[in-house]
Every structure is written in structure tokens, then in C-alpha cells.
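K.L.:
Input file: target.cif. Contents: mmCIF, C-alpha atoms.
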data_model
#
loop_
_atom_site.label_atom_id
_atom_site.label_comp_id
_atom_site.auth_asym_id
_atom_site.auth_seq_id
_atom_site.Cartn_x
_atom_site.Cartn_y
_atom_site.Cartn_z
CA MET A 77 0.00 0.00 0.00
CA SER A 78 2.94 2.34 0.61
CA SER A 79 3.42 2.89 -3.14
CA LEU A 80 -0.13 4.22 -3.50
CA PRO A 81 -0.54 8.01 -3.50
CA ARG A 82 -1.69 9.33 -0.16
CA PRO A 83 -4.54 11.80 -0.62
CA PRO A 84 -3.90 14.98 1.32
CA LEU A 85 -7.06 14.97 3.39
CA ASP A 86 -6.34 12.97 6.49
CA ASP A 87 -3.79 15.37 7.98
CA ASP A 88 -5.29 18.51 6.54
CA ALA A 89 -6.76 20.51 9.41
CA GLU A 90 -8.39 23.05 7.14
CA LEU A 91 -10.19 20.46 5.03
CA GLN A 92 -11.19 18.58 8.18
CA SER A 93 -12.84 21.66 9.64
CA VAL A 94 -14.73 22.16 6.39
CA ARG A 95 -15.85 18.55 6.54
CA ASP A 96 -17.04 19.00 10.12
CA ALA A 97 -19.13 21.97 9.06
CA LEU A 98 -20.63 19.97 6.22
CA ARG A 99 -21.38 17.01 8.49
CA ALA A 100 -22.94 19.29 11.10
CA ALA A 101 -25.28 20.73 8.48
CA ASP A 102 -26.02 17.21 7.21
CA ASN A 103 -26.84 15.74 10.58
CA ALA A 104 -30.43 16.85 10.80
CA VAL A 105 -32.21 13.79 9.41
CA ASP A 106 -35.92 14.17 9.99
CA VAL A 107 -37.18 11.42 12.33
CA ALA A 108 -40.74 11.76 11.01
CA MET A 109 -39.48 11.31 7.46
CA GLN A 110 -37.50 8.22 8.52
CA ALA A 111 -40.63 6.69 10.06
CA SER A 112 -42.71 7.50 7.00
CA VAL A 113 -40.12 5.95 4.62
CA LEU A 114 -40.01 2.83 6.78
CA ALA A 115 -43.79 2.53 6.80
CA SER A 116 -44.09 2.97 3.05
CA LEU A 117 -41.18 0.57 2.46
CA GLN A 118 -42.74 -2.09 4.68
CA ALA A 119 -46.02 -1.75 2.77
CA VAL A 120 -44.24 -2.19 -0.59
CA VAL A 121 -42.22 -5.15 0.68
CA GLU A 122 -45.30 -6.82 2.13
CA ARG A 123 -47.23 -6.32 -1.11
CA GLU A 124 -44.34 -7.60 -3.22
CA ASP A 125 -43.62 -10.63 -1.03
CA GLY A 126 -47.21 -11.78 -1.46
CA THR A 127 -46.84 -12.09 -5.24
CA TRP A 128 -45.22 -14.81 -7.32
CA ARG A 129 -43.26 -12.14 -9.20
CA GLY A 130 -41.84 -10.84 -5.94
CA ALA A 131 -40.84 -14.37 -4.96
CA LEU A 132 -39.13 -14.95 -8.32
CA ARG A 133 -37.27 -11.64 -8.22
CA ALA A 134 -35.93 -12.47 -4.76
CA LYS A 135 -34.33 -15.71 -5.99
CA PRO A 136 -30.51 -15.72 -6.12
CA THR A 137 -29.14 -14.21 -9.33
CA THR A 138 -27.60 -17.51 -10.51
CA LEU A 139 -31.00 -19.18 -10.36
CA ARG A 140 -32.73 -16.24 -12.09
CA ARG A 141 -30.17 -16.45 -14.89
CA LEU A 142 -30.71 -20.17 -15.33
CA LEU A 143 -34.48 -19.65 -15.43
CA VAL A 144 -34.26 -16.93 -18.04
CA LEU A 145 -31.89 -19.01 -20.19
CA ALA A 146 -34.26 -21.97 -20.11
CA VAL A 147 -36.82 -20.28 -22.41
CA PRO A 148 -34.68 -19.54 -25.49
CA LEU A 149 -32.54 -22.65 -25.02
CA THR A 150 -35.64 -24.87 -25.03
CA VAL A 151 -36.97 -23.27 -28.23
CA VAL A 152 -33.51 -23.41 -29.84
CA ALA A 153 -33.10 -27.07 -28.89
CA VAL A 154 -36.47 -27.97 -30.45
CA GLU A 155 -35.73 -25.93 -33.59
CA PHE A 156 -32.26 -27.40 -33.88
CA TRP A 157 -33.64 -30.89 -33.61
CA LEU A 158 -36.31 -30.19 -36.25
CA HIS A 159 -34.56 -27.91 -38.77
CA ALA A 160 -30.86 -27.40 -38.10
CA SER A 161 -29.59 -30.12 -40.34
CA ASP A 162 -31.30 -28.53 -43.41
CA SER A 163 -29.86 -25.07 -42.79
CA LEU A 164 -26.41 -26.36 -41.92
CA GLN A 165 -26.26 -28.48 -45.05
CA GLN A 166 -27.17 -25.52 -47.27
CA ALA A 167 -24.58 -23.09 -45.90
CA PRO A 168 -22.53 -24.66 -43.10
CA LEU A 169 -20.05 -21.79 -42.74
CA ARG A 170 -22.60 -18.96 -42.69
CA VAL A 171 -25.05 -20.78 -40.42
CA GLY A 172 -22.30 -22.05 -38.12
CA VAL A 173 -20.66 -18.63 -37.72
CA SER A 174 -24.02 -16.86 -37.33
CA LEU A 175 -25.34 -19.35 -34.80
CA SER A 176 -22.17 -19.10 -32.70
CA ALA A 177 -22.13 -15.29 -32.81
CA PHE A 178 -25.83 -14.90 -32.07
CA GLY A 179 -25.66 -17.57 -29.38
CA VAL A 180 -22.74 -15.96 -27.52
CA SER A 181 -24.29 -12.46 -27.85
CA MET A 182 -27.60 -13.77 -26.55
CA LEU A 183 -25.96 -15.44 -23.55
CA VAL A 184 -23.99 -12.29 -22.67
CA ALA A 185 -27.04 -10.02 -23.07
CA LEU A 186 -29.21 -12.33 -20.95
CA MET A 187 -26.57 -12.57 -18.21
CA PHE A 188 -26.16 -8.80 -18.03
CA SER A 189 -29.90 -8.15 -18.28
CA LEU A 190 -30.22 -9.64 -14.78
CA ARG A 191 -27.15 -7.91 -13.33
CA PRO A 192 -28.01 -6.89 -9.77
CA LEU A 193 -27.60 -3.32 -8.55
CA HIS A 194 -25.27 -4.27 -5.69
CA GLN A 195 -22.54 -4.89 -8.27
CA ALA A 196 -20.24 -2.02 -9.21
CA PRO A 197 -21.31 -0.04 -12.28
CA MET A 198 -19.86 -0.90 -15.67
CA PRO A 199 -17.83 1.87 -17.35
CA PRO A 200 -19.90 3.80 -19.94
CA LEU A 201 -17.75 2.40 -22.78
CA ALA A 202 -18.44 -1.18 -21.68
CA GLN A 203 -22.17 -0.40 -21.49
CA SER A 204 -22.14 1.03 -25.01
CA LEU A 205 -20.23 -1.99 -26.34
CA LEU A 206 -22.60 -4.37 -24.58
CA VAL A 207 -25.58 -2.84 -26.37
CA GLY A 208 -24.01 -1.60 -29.61
CA GLY A 209 -21.70 -4.57 -30.26
CA PRO A 210 -24.41 -7.22 -30.78
CA ILE A 211 -26.51 -4.83 -32.90
CA VAL A 212 -23.62 -4.14 -35.29
CA LEU A 213 -22.72 -7.85 -35.30
CA ALA A 214 -26.30 -8.90 -36.07
CA LEU A 215 -26.56 -6.36 -38.89
CA GLY A 216 -23.20 -7.49 -40.31
CA LEU A 217 -24.26 -11.15 -40.24
CA SER A 218 -27.58 -10.28 -41.90
CA LEU A 219 -25.70 -8.62 -44.75
CA TRP A 220 -23.51 -11.71 -45.35
CA PRO A 221 -23.51 -12.06 -49.17
CA THR A 222 -25.08 -15.24 -50.54
CA ALA A 223 -25.99 -16.69 -53.92
CA SER A 224 -29.68 -16.45 -53.05
CA VAL A 225 -31.31 -13.42 -54.70
CA GLN A 226 -34.86 -12.16 -54.20
CA ALA A 227 -36.62 -11.17 -57.44
CA THR A 228 -38.03 -7.84 -56.16
CA ALA A 229 -38.20 -5.80 -53.01
CA THR A 230 -41.87 -6.76 -52.67
CA ASP A 231 -40.96 -10.45 -52.77
CA ALA A 232 -38.29 -9.90 -50.13
CA LEU A 233 -40.77 -8.09 -47.90
CA ARG A 234 -43.45 -10.73 -48.43
CA GLY A 235 -40.98 -13.49 -47.59
CA ALA A 236 -39.71 -11.61 -44.52
CA ILE A 237 -43.07 -11.12 -42.80
CA PRO A 238 -43.51 -14.75 -41.62
CA CYS A 239 -39.98 -14.73 -40.18
CA LEU A 240 -40.63 -11.37 -38.51
CA MET A 241 -43.83 -12.72 -36.95
CA TYR A 242 -42.24 -15.99 -35.88
CA GLY A 243 -39.22 -14.14 -34.48
CA LEU A 244 -41.46 -11.85 -32.44
CA ALA A 245 -43.44 -14.86 -31.21
CA VAL A 246 -40.18 -16.30 -29.84
CA ALA A 247 -38.76 -12.98 -28.60
CA VAL A 248 -41.76 -11.67 -26.68
CA PRO A 249 -41.89 -14.60 -24.19
CA VAL A 250 -38.12 -14.33 -23.65
CA TYR A 251 -38.50 -10.60 -22.98
CA VAL A 252 -41.47 -11.12 -20.65
CA VAL A 253 -39.71 -13.83 -18.61
CA THR A 254 -36.57 -11.69 -18.34
CA ARG A 255 -38.56 -8.69 -17.14
CA ILE A 256 -40.46 -10.78 -14.61
CA LEU A 257 -37.16 -11.93 -13.11
CA ASP A 258 -35.52 -8.50 -13.40
CA ARG A 259 -35.32 -6.45 -10.21
CA GLY A 260 -35.58 -3.25 -12.21
CA SER A 261 -33.03 -0.86 -13.67
CA ARG A 262 -32.60 1.19 -16.83
CA LEU A 263 -29.91 -0.81 -18.63
CA THR A 264 -31.37 -4.20 -17.78
CA GLY A 265 -34.63 -3.40 -19.61
CA LEU A 266 -32.76 -2.44 -22.76
CA LEU A 267 -30.57 -5.54 -22.54
CA ALA A 268 -33.63 -7.74 -22.05
CA ALA A 269 -35.11 -6.39 -25.31
CA LEU A 270 -31.79 -6.94 -27.10
CA ALA A 271 -31.38 -10.45 -25.64
CA ALA A 272 -34.91 -11.37 -26.74
CA GLY A 273 -34.18 -10.14 -30.28
CA LEU A 274 -30.94 -12.13 -30.38
CA SER A 275 -32.73 -15.24 -29.10
CA ALA A 276 -35.20 -14.88 -31.96
CA ASN A 277 -32.30 -14.61 -34.43
CA VAL A 278 -30.73 -17.82 -33.09
CA VAL A 279 -34.05 -19.61 -33.57
CA LEU A 280 -34.61 -18.10 -37.02
CA MET A 281 -31.12 -19.18 -38.14
CA THR A 282 -32.07 -22.80 -37.49
CA HIS A 283 -35.65 -22.43 -38.74
CA CYS A 284 -35.39 -20.40 -41.95
CA PRO A 285 -33.59 -21.65 -45.07
CA THR A 286 -33.78 -18.26 -46.89
CA ALA A 287 -30.44 -16.50 -46.89
CA GLY A 288 -30.63 -13.33 -49.03
CA PRO A 289 -29.48 -10.13 -47.28
CA ASP A 290 -32.82 -8.39 -47.98
CA HIS A 291 -34.69 -11.19 -46.25
CA MET A 292 -32.19 -11.38 -43.40
CA VAL A 293 -32.29 -7.65 -42.68
CA LEU A 294 -36.08 -7.34 -42.88
CA GLY A 295 -37.18 -10.66 -41.42
CA HIS A 296 -34.42 -11.51 -38.93
CA PHE A 297 -32.58 -8.32 -37.94
CA GLY A 298 -35.96 -6.56 -38.07
CA VAL A 299 -37.00 -8.47 -34.92
CA ILE A 300 -34.17 -6.84 -32.95
CA VAL A 301 -34.97 -3.39 -34.35
CA GLY A 302 -38.68 -3.84 -33.66
CA LEU A 303 -38.11 -4.87 -30.06
CA LEU A 304 -35.64 -2.06 -29.38
CA LEU A 305 -38.00 0.52 -30.90
CA ALA A 306 -40.93 -0.86 -28.89
CA TYR A 307 -38.83 -0.73 -25.72
CA ALA A 308 -37.71 2.84 -26.44
CA ALA A 309 -41.31 3.95 -27.09
CA TRP A 310 -42.57 2.24 -23.94
CA SER A 311 -39.78 3.77 -21.82
CA ARG A 312 -40.53 7.20 -23.23
CA LEU A 313 -44.24 6.85 -22.52
CA ARG A 314 -43.54 5.71 -18.97
CA ALA A 315 -41.18 8.63 -18.40
CA LEU A 316 -43.79 11.09 -19.67
CA ARG A 317 -46.46 9.53 -17.45
CA ASN A 318 -44.18 9.72 -14.38
CA ARG A 319 -43.40 13.35 -15.10
CA MET B 239 -42.65 -5.39 25.06
CA ALA B 240 -41.98 -8.82 26.62
CA MET B 241 -38.63 -9.60 28.27
CA GLY B 242 -37.60 -11.95 25.45
CA GLU B 243 -38.37 -9.35 22.77
CA GLN B 244 -36.40 -6.71 24.66
CA ASP B 245 -33.37 -9.03 24.84
CA HIS B 246 -33.77 -9.78 21.16
CA ALA B 247 -33.93 -6.07 20.28
CA ARG B 248 -30.87 -5.32 22.44
CA SER B 249 -28.85 -8.14 20.87
CA SER B 250 -29.96 -6.96 17.40
CA GLU B 251 -28.66 -3.47 18.10
CA ALA B 252 -25.29 -4.84 19.20
CA ALA B 253 -24.91 -7.27 16.29
CA SER B 254 -22.70 -6.57 13.28
CA ASP B 255 -24.29 -5.47 9.99
CA GLU B 256 -23.41 -8.77 8.39
CA ALA B 257 -24.86 -10.85 11.24
CA LEU B 258 -28.06 -8.80 11.04
CA MET B 259 -28.25 -9.24 7.29
CA LEU B 260 -27.91 -13.00 7.65
CA LEU B 261 -30.66 -12.99 10.28
CA TYR B 262 -32.80 -10.95 7.90
CA VAL B 263 -32.16 -13.38 5.03
CA ALA B 264 -33.30 -16.13 7.40
CA GLY B 265 -36.58 -14.25 7.91
CA ASP B 266 -35.97 -12.03 10.98
CA ARG B 267 -37.87 -8.78 10.31
CA THR B 268 -36.43 -7.08 13.44
CA ALA B 269 -33.00 -7.34 11.86
CA PHE B 270 -34.24 -5.38 8.84
CA ARG B 271 -35.60 -2.68 11.14
CA THR B 272 -32.25 -2.37 12.92
CA LEU B 273 -30.38 -2.17 9.62
CA PHE B 274 -32.82 0.45 8.37
CA ASP B 275 -32.34 2.57 11.50
CA ARG B 276 -28.57 2.21 11.20
CA TYR B 277 -28.29 3.09 7.53
CA PHE B 278 -31.18 5.45 6.80
CA PRO B 279 -29.38 8.59 8.09
CA GLN B 280 -26.13 7.72 6.26
CA LEU B 281 -27.86 6.98 2.98
CA MET B 282 -30.10 10.01 3.29
CA ARG B 283 -27.05 12.27 3.74
CA LEU B 284 -25.37 10.66 0.72
CA ALA B 285 -28.49 11.04 -1.43
CA ARG B 286 -29.16 14.62 -0.32
CA ARG B 287 -25.72 15.65 -1.46
CA ARG B 288 -26.39 14.20 -4.92
CA VAL B 289 -29.94 15.27 -5.76
CA SER B 290 -31.77 18.55 -5.66
CA SER B 291 -34.62 17.84 -3.25
CA ASP B 292 -35.45 15.89 -0.11
CA ASP B 293 -38.22 14.09 -1.99
CA GLU B 294 -35.78 12.77 -4.59
CA ALA B 295 -33.31 11.75 -1.87
CA ARG B 296 -36.08 10.00 0.03
CA GLU B 297 -37.12 8.10 -3.11
CA ILE B 298 -33.54 6.96 -3.74
CA VAL B 299 -33.10 5.78 -0.14
CA GLN B 300 -36.41 3.93 -0.19
CA LEU B 301 -35.45 2.23 -3.46
CA THR B 302 -32.05 1.33 -2.00
CA PHE B 303 -33.70 -0.59 0.82
CA LEU B 304 -36.21 -2.13 -1.57
CA HIS B 305 -33.34 -3.41 -3.75
CA MET B 306 -31.58 -4.66 -0.63
CA HIS B 307 -34.72 -6.63 0.16
CA ARG B 308 -35.05 -8.00 -3.38
CA ALA B 309 -31.37 -8.98 -3.51
CA ARG B 310 -31.15 -10.37 0.04
CA ASN B 311 -30.64 -13.93 -1.20
CA ASP B 312 -27.58 -12.77 -3.18
CA PHE B 313 -25.83 -11.61 0.00
CA ARG B 314 -22.79 -13.79 0.68
CA PRO B 315 -21.86 -14.50 4.31
CA ASP B 316 -18.29 -13.31 3.66
CA ALA B 317 -19.39 -9.99 2.11
CA LYS B 318 -19.52 -6.60 3.86
CA LEU B 319 -22.93 -5.00 3.99
CA ARG B 320 -21.91 -1.34 3.93
CA PRO B 321 -20.25 -1.29 0.47
CA TRP B 322 -23.04 -3.57 -0.78
CA LEU B 323 -25.70 -1.08 0.28
CA PHE B 324 -23.77 2.00 -0.83
CA THR B 325 -23.20 0.44 -4.27
CA ILE B 326 -26.97 0.08 -4.68
CA ALA B 327 -27.50 3.68 -3.59
CA MET B 328 -24.82 5.07 -5.91
CA ASN B 329 -26.16 3.05 -8.86
CA LEU B 330 -29.63 4.44 -8.16
CA VAL B 331 -28.25 7.99 -8.02
CA ARG B 332 -26.60 7.47 -11.42
CA GLU B 333 -29.85 6.09 -12.86
CA HIS B 334 -31.72 9.03 -11.41
CA TYR B 335 -29.43 11.45 -13.26
CA ARG B 336 -29.67 9.50 -16.50
CA ARG B 337 -33.47 9.48 -16.29
CA ARG B 338 -33.56 13.20 -15.65
CA GLY B 339 -30.93 13.89 -18.31
CA ARG B 340 -28.97 16.00 -15.86
CA GLN B 341 -25.84 13.93 -15.60
CA ARG B 342 -22.81 16.20 -15.87
CA GLU B 343 -19.86 14.19 -17.13
CA THR B 344 -17.72 17.09 -18.22
CA PHE B 345 -15.57 19.17 -16.01
CA LEU B 346 -16.77 22.72 -15.44
CA GLU B 347 -14.36 25.59 -15.09
CA PRO B 348 -13.84 26.49 -11.43
CA GLU B 349 -15.89 29.50 -10.44
CA ARG B 350 -15.07 31.93 -7.70
CA LEU B 351 -16.10 30.53 -4.34
CA PRO B 352 -15.59 32.34 -1.03
CA GLU B 353 -13.14 30.51 1.20
CA PRO B 354 -14.92 28.71 4.05
CA THR B 355 -13.83 29.38 7.60
CA PRO B 356 -14.31 26.98 10.52
CA THR B 357 -16.94 28.16 12.99
CA ASP B 358 -19.16 27.07 15.88
CA ASP B 359 -22.03 29.24 14.68
CA PRO B 360 -24.69 26.92 13.15
CA VAL B 361 -25.84 29.58 10.66
CA GLN B 362 -22.31 30.14 9.45
CA ALA B 363 -21.68 26.38 9.45
CA ALA B 364 -24.71 25.93 7.19
CA GLU B 365 -23.37 28.67 4.91
CA THR B 366 -19.97 26.94 4.80
CA ALA B 367 -21.68 23.65 4.03
CA LYS B 368 -23.48 25.25 1.09
CA ARG B 369 -20.21 26.60 -0.29
CA VAL B 370 -18.49 23.22 0.05
CA GLN B 371 -21.47 21.57 -1.58
CA ARG B 372 -21.19 23.95 -4.53
CA ALA B 373 -17.48 23.22 -4.78
CA LEU B 374 -18.15 19.47 -4.72
CA GLU B 375 -20.66 19.87 -7.54
CA LEU B 376 -17.93 21.40 -9.69
CA LEU B 377 -15.69 18.35 -9.38
CA PRO B 378 -15.63 15.73 -12.15
CA ARG B 379 -18.05 12.91 -11.30
CA GLY B 380 -15.43 10.24 -10.57
CA GLN B 381 -13.52 12.49 -8.15
CA ARG B 382 -16.69 13.72 -6.48
CA GLU B 383 -17.96 10.18 -5.84
CA VAL B 384 -14.69 9.13 -4.23
CA ILE B 385 -14.49 12.24 -2.04
CA GLU B 386 -18.08 11.96 -0.90
CA LEU B 387 -17.81 8.27 -0.08
CA HIS B 388 -14.43 8.42 1.66
CA TRP B 389 -14.23 11.90 3.11
CA LEU B 390 -17.85 12.55 4.01
CA SER B 391 -19.34 9.08 4.48
CA GLY B 392 -16.16 7.69 6.06
CA LEU B 393 -15.76 4.56 3.94
CA PRO B 394 -12.23 3.13 3.58
CA TYR B 395 -10.64 3.34 0.13
CA LEU B 396 -10.95 -0.40 -0.40
CA GLN B 397 -14.74 -0.22 0.03
CA VAL B 398 -14.96 2.92 -2.11
CA ALA B 399 -13.10 1.03 -4.85
CA GLU B 400 -15.65 -1.78 -4.60
CA ILE B 401 -18.55 0.68 -4.86
CA VAL B 402 -17.30 2.66 -7.86
CA GLY B 403 -15.90 -0.38 -9.69
CA ALA B 404 -12.26 0.72 -9.82
CA SER B 405 -8.98 -0.39 -8.25
CA GLU B 406 -7.92 1.01 -4.89
CA ALA B 407 -4.95 2.71 -6.55
CA ALA B 408 -7.23 4.42 -9.10
CA VAL B 409 -9.53 5.56 -6.30
CA ARG B 410 -6.62 7.07 -4.36
CA VAL B 411 -5.45 8.89 -7.48
CA ARG B 412 -8.97 10.29 -8.00
CA ALA B 413 -9.08 11.37 -4.37
CA HIS B 414 -5.68 13.03 -4.65
CA ARG B 415 -6.71 15.00 -7.72
CA GLY B 416 -10.13 15.73 -6.31
CA PHE B 417 -8.77 17.18 -3.08
CA ALA B 418 -6.26 19.32 -4.90
CA LEU B 419 -9.08 20.70 -7.03
CA LEU B 420 -11.44 21.06 -4.08
CA ARG B 421 -8.89 23.05 -2.15
CA GLN B 422 -8.28 25.20 -5.23
CA LEU B 423 -12.03 25.82 -5.58
CA LEU B 424 -12.42 26.65 -1.89
CA LYS B 425 -9.49 29.04 -1.93
CA ASP B 426 -11.13 31.17 -4.59
CA VAL B 427 -8.55 30.57 -7.29
#
Please express the file's structure as C-alpha cells.

P.N.:
Amino acid sequence: MSSLPRPPLDDDAELQSVRDALRAADNAVDVAMQASVLASLQAVVEREDGTWRGALRAKPTTLRRLLVLAVPLTVVAVEFWLHASDSLQQAPLRVGVSLSAFGVSMLVALMFSLRPLHQAPMPPLAQSLLVGGPIVLALGLSLWPTASVQATATDALRGAIPCLMYGLAVAVPVYVVTRILDRGSRLTGLLAALAAGLSANVVLMTHCPTAGPDHMVLGHFGVIVGLLLAYAAWSRLRALRNR
Amino acid sequence: MAMGEQDHARSSEAASDEALMLLYVAGDRTAFRTLFDRYFPQLMRLARRRVSSDDEAREIVQLTFLHMHRARNDFRPDAKLRPWLFTIAMNLVREHYRRRGRQRETFLEPERLPEPTPTDDPVQAAETAKRVQRALELLPRGQREVIELHWLSGLPYLQVAEIVGASEAAVRVRAHRGFALLRQLLKDV
């Protein structure tokens, strides 16, 4: 410890007297306010403990993470069993790389979406990478050039809609389960939406044989965009209502 | 209050934070009450220094205890409760600023602040406190957090490092720079 810089406060009489003044002004904590916070807190805790959501949220974080992983992994396992061999045979490199990338991104996003608040904050750069990285990666993988070409933009859109719908049908339950288990914070909501979108992309990679970039961007990547936009709109509405 | 309850309350008050937390995890509501009474004033002071009104500070402190309750099963027997609780509070303060869009990440130029003088007069002490508070608000966020947690809340550097998610050496460097700047601001440079 001796090599660490010694901040100049401990022996500084002038700063200490300033601190004493600040502490003296701080000391008046209202007893009535303390009692009222305790009463309102006890009411919230009692209400929450009586619900199944409250019970789930109070589970240890490791268990909450395993529970939230169970939903997409079950769907992926079923899809893989039913369809993976077809997709992998058509384009083993593209499907293999995409599945690995989406799978790892999904796992990371799901793990961080349940990060508890008693852990130290992540640096802003790490937070940006955690959200931005998988989005850029998913877009890049969707634009992977293939021999498959859609005749027109209308055909691409028509072909993308079933994938978009199926992707949302997978993503929404993942998002809902994650939010049920989430103890509530700003970044975790965003990550839950992203993780749900990535889960849908993992499932769609095994389910859908179409590989053209138009289809991939609209039908697969579109699920992530749709969820993030819906989350942003919902957050904005909630903020306006609270104001 | 029955004799047994009185003994229980007395032993609760004497118990360590960690022992109380473990009792609370096991279902002892009295332990929560003791922890609340112990930490409410400290957390309220911390929150008041960071937000603009008592109502906002009160909301942050209430949420801190609510998150403590929700996360109680994550508490490890070998962990220290104080940094655990302060980390929750500081994370909630940061979220509060992000929600309000008032987070100031950039360093502001020092403005002229009258030099505080030590005094026994409560009115003057309150005035001094206001000046120091203004000076603290001018510090970059990382330095301010470290100074508030160590200097004003009395947490050791190791616990401050745990709360802000940095190494102890980095925290000491921030404190060193922060104090130099704070002194400069208070001396009306």
C-alpha cells in the first residue's frame, strides 16, 4: 500500500474543519421522514412478497439467470432438432458462424440483463459496447452475401413477414420472462429487449432456409430493431407519465 | 414489550451489519428494522448531497432498501454489507441522473467561491456547508464520488473502490486530484 498516492485529506486541518461543518449541516435527518419511509417501504415489501413475481425476483441471481436461459434454449433445442440439419447443409459456414455469434451475444445479453444493482457499475464504454456490439454484429451477419437473390423488393418483404412474426413470437416470451425476473433498472430493460431479439435470431437461423441479405435484414434483424423501438417507445411513454 | 423481545432487540442493536443481514435473510424482520435505523441517516445524507430535493433523496433511499430486500438472497456470508448497500445507492443515483438527463460528465471551469472558515455558529456552518457543496458539484463525477464516499461518508478506500468499480490505486489517485481541485475551488482561485 505504501506505493499508493496518499490523498492529502487525512492530515489537513483546514479540510477537516470544512468537513465537520458539512457534516454538522447534514446531521439533521428528519425522524418523522424516517418513520414515513419505513412505513411505506414495509407496505411495498409486504405487497411484493405476497406475489409470485416478488418471490421470483428475490431468488438468487444464478437461479434467475438459469431460469431466463431456459426459455430460449428450449426453443432453440427444439428448432435445432427439427430444422438445423437442413440449414447447416445448405450453408454450413454462414449458419455455423451466425449461430455461434448470435448464441454468444444472446448469452452475454441475458446474463447482463439480470445484473443486480449491488454490483459495481460498468464503465460507460463497456455499457455502449454491450448494447451496440451485438446490434452491429447482427446487422453485419444479416448482410452476409449469398448466392440467393430475391426477385423484387416486394418479394423480399413478403418473404420476410412470416420470419418477422415468428421471431417476435419467440422474442416476446423471452422478454417477458426476463422482465419478470428482473429487479428493475434502466440498462437491464434495454438488454432484455436486445437479448430477446438475439434469441429470436438464433431460432430463425435454425428455422429459416432463406439467406438473401434483404430477407435477413427485414425478417431476422428486423425483430431486434422492432423490439428495441418498442422498448424505447414504452420507456418514453412511462417517463412522460411519471413526469 | 416482553422480556424476550427486549433481549432480542438489544442483541440486534449490538450485532454486526453482516450478522443482522444473515438474520434478515433467514426471515428475521427485526433485523431489517435495525439495519434500516442504522443506515437510513447515512444513505439520506449521501443522497441529499447528490440530488436537488429531499423528496428525490427520500425516493432513492427507499429504493435502495427495496433493492436490498429484493437482492437479500444474493448476499454472501463473507461480504460486507456497507459497500453492498452504498453500491446500490450510488447506482440508483446514477440512474436518477440519466433518467432526468442532468448527468454532468464534463468538467466545469472552477468558479469563484468564497473561502470557508471553521466556525461554531450553526448559521455560518450551514453557509460553509453550502459553499463546500457547490465546490463538490464542480468536481468531475469520478472524483466527487470518491471524495463523498471516503471523506464525508467515512468509507475506507478499499470499500470505495468496490462501490465505484475501480482499483484502490485508481480511487486514491482520484481522491488526490479531487482534493487538490477542491482546495483550489475553496481558496477562490

K.L.:
Select, from B:His307, B:Arg276, B:His414, B:Arg421, the residue with the minimum atom-to-atom distance to chain A, counting all atoms listed in the file.

P.N.:
B:His414

K.L.:
Let me know the residues the PyMOL selection byres ((chain B) within 7 of (chain A)) catches in the file above, as number ranges by chain.

P.N.:
B: 279, 283, 300, 304, 308-309, 311-312, 322-323, 325-326, 329, 333, 354, 356, 363-364, 366-367, 390, 400-403, 407, 410-411, 413-414, 417

K.L.:
Take the residues from that selection and put them in a file with C-alpha atoms, as a tab-separated table (two decimals), keeping the file's coordinate frame.

P.N.:
chain	number	residue	atom	x	y	z
B	279	PRO	CA	-29.38	8.59	8.09
B	283	ARG	CA	-27.05	12.27	3.74
B	300	GLN	CA	-36.41	3.93	-0.19
B	304	LEU	CA	-36.21	-2.13	-1.57
B	308	ARG	CA	-35.05	-8.00	-3.38
B	309	ALA	CA	-31.37	-8.98	-3.51
B	311	ASN	CA	-30.64	-13.93	-1.20
B	312	ASP	CA	-27.58	-12.77	-3.18
B	322	TRP	CA	-23.04	-3.57	-0.78
B	323	LEU	CA	-25.70	-1.08	0.28
B	325	THR	CA	-23.20	0.44	-4.27
B	326	ILE	CA	-26.97	0.08	-4.68
B	329	ASN	CA	-26.16	3.05	-8.86
B	333	GLU	CA	-29.85	6.09	-12.86
B	354	PRO	CA	-14.92	28.71	4.05
B	356	PRO	CA	-14.31	26.98	10.52
B	363	ALA	CA	-21.68	26.38	9.45
B	364	ALA	CA	-24.71	25.93	7.19
B	366	THR	CA	-19.97	26.94	4.80
B	367	ALA	CA	-21.68	23.65	4.03
B	390	LEU	CA	-17.85	12.55	4.01
B	400	GLU	CA	-15.65	-1.78	-4.60
B	401	ILE	CA	-18.55	0.68	-4.86
B	402	VAL	CA	-17.30	2.66	-7.86
B	403	GLY	CA	-15.90	-0.38	-9.69
B	407	ALA	CA	-4.95	2.71	-6.55
B	410	ARG	CA	-6.62	7.07	-4.36
B	411	VAL	CA	-5.45	8.89	-7.48
B	413	ALA	CA	-9.08	11.37	-4.37
B	414	HIS	CA	-5.68	13.03	-4.65
B	417	PHE	CA	-8.77	17.18	-3.08

K.L.:
Could you pull the residues within 7 Å of Ala327 (chain B), counting all atoms listed in the file, minus those fewer than 4 positions along the same chain, as a ChimeraX atom specification?

P.N.:
/B:298-299,302,323,331

K.L.:
Please measure the separation of CA of Val398 (chain B) and CA of Pro321 (chain B), giving the value in Å to one decimal.

P.N.:
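The value is 7.2 Å.
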
K.L.:
As an NGL selection string, please: the residues near region 248-251 of chain A (cut-off 7 Å, only C-alpha atoms, same-chain neighbours under 3 positions excluded).

P.N.:
:A and (147-148 or 244-245 or 254-255 or 268-269 or 272)

K.L.:
CA of Val289 (chain B) and CA of Leu423 (chain B), how far apart in Å?

P.N.:
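Distance between the two atoms: 20.8 Å.
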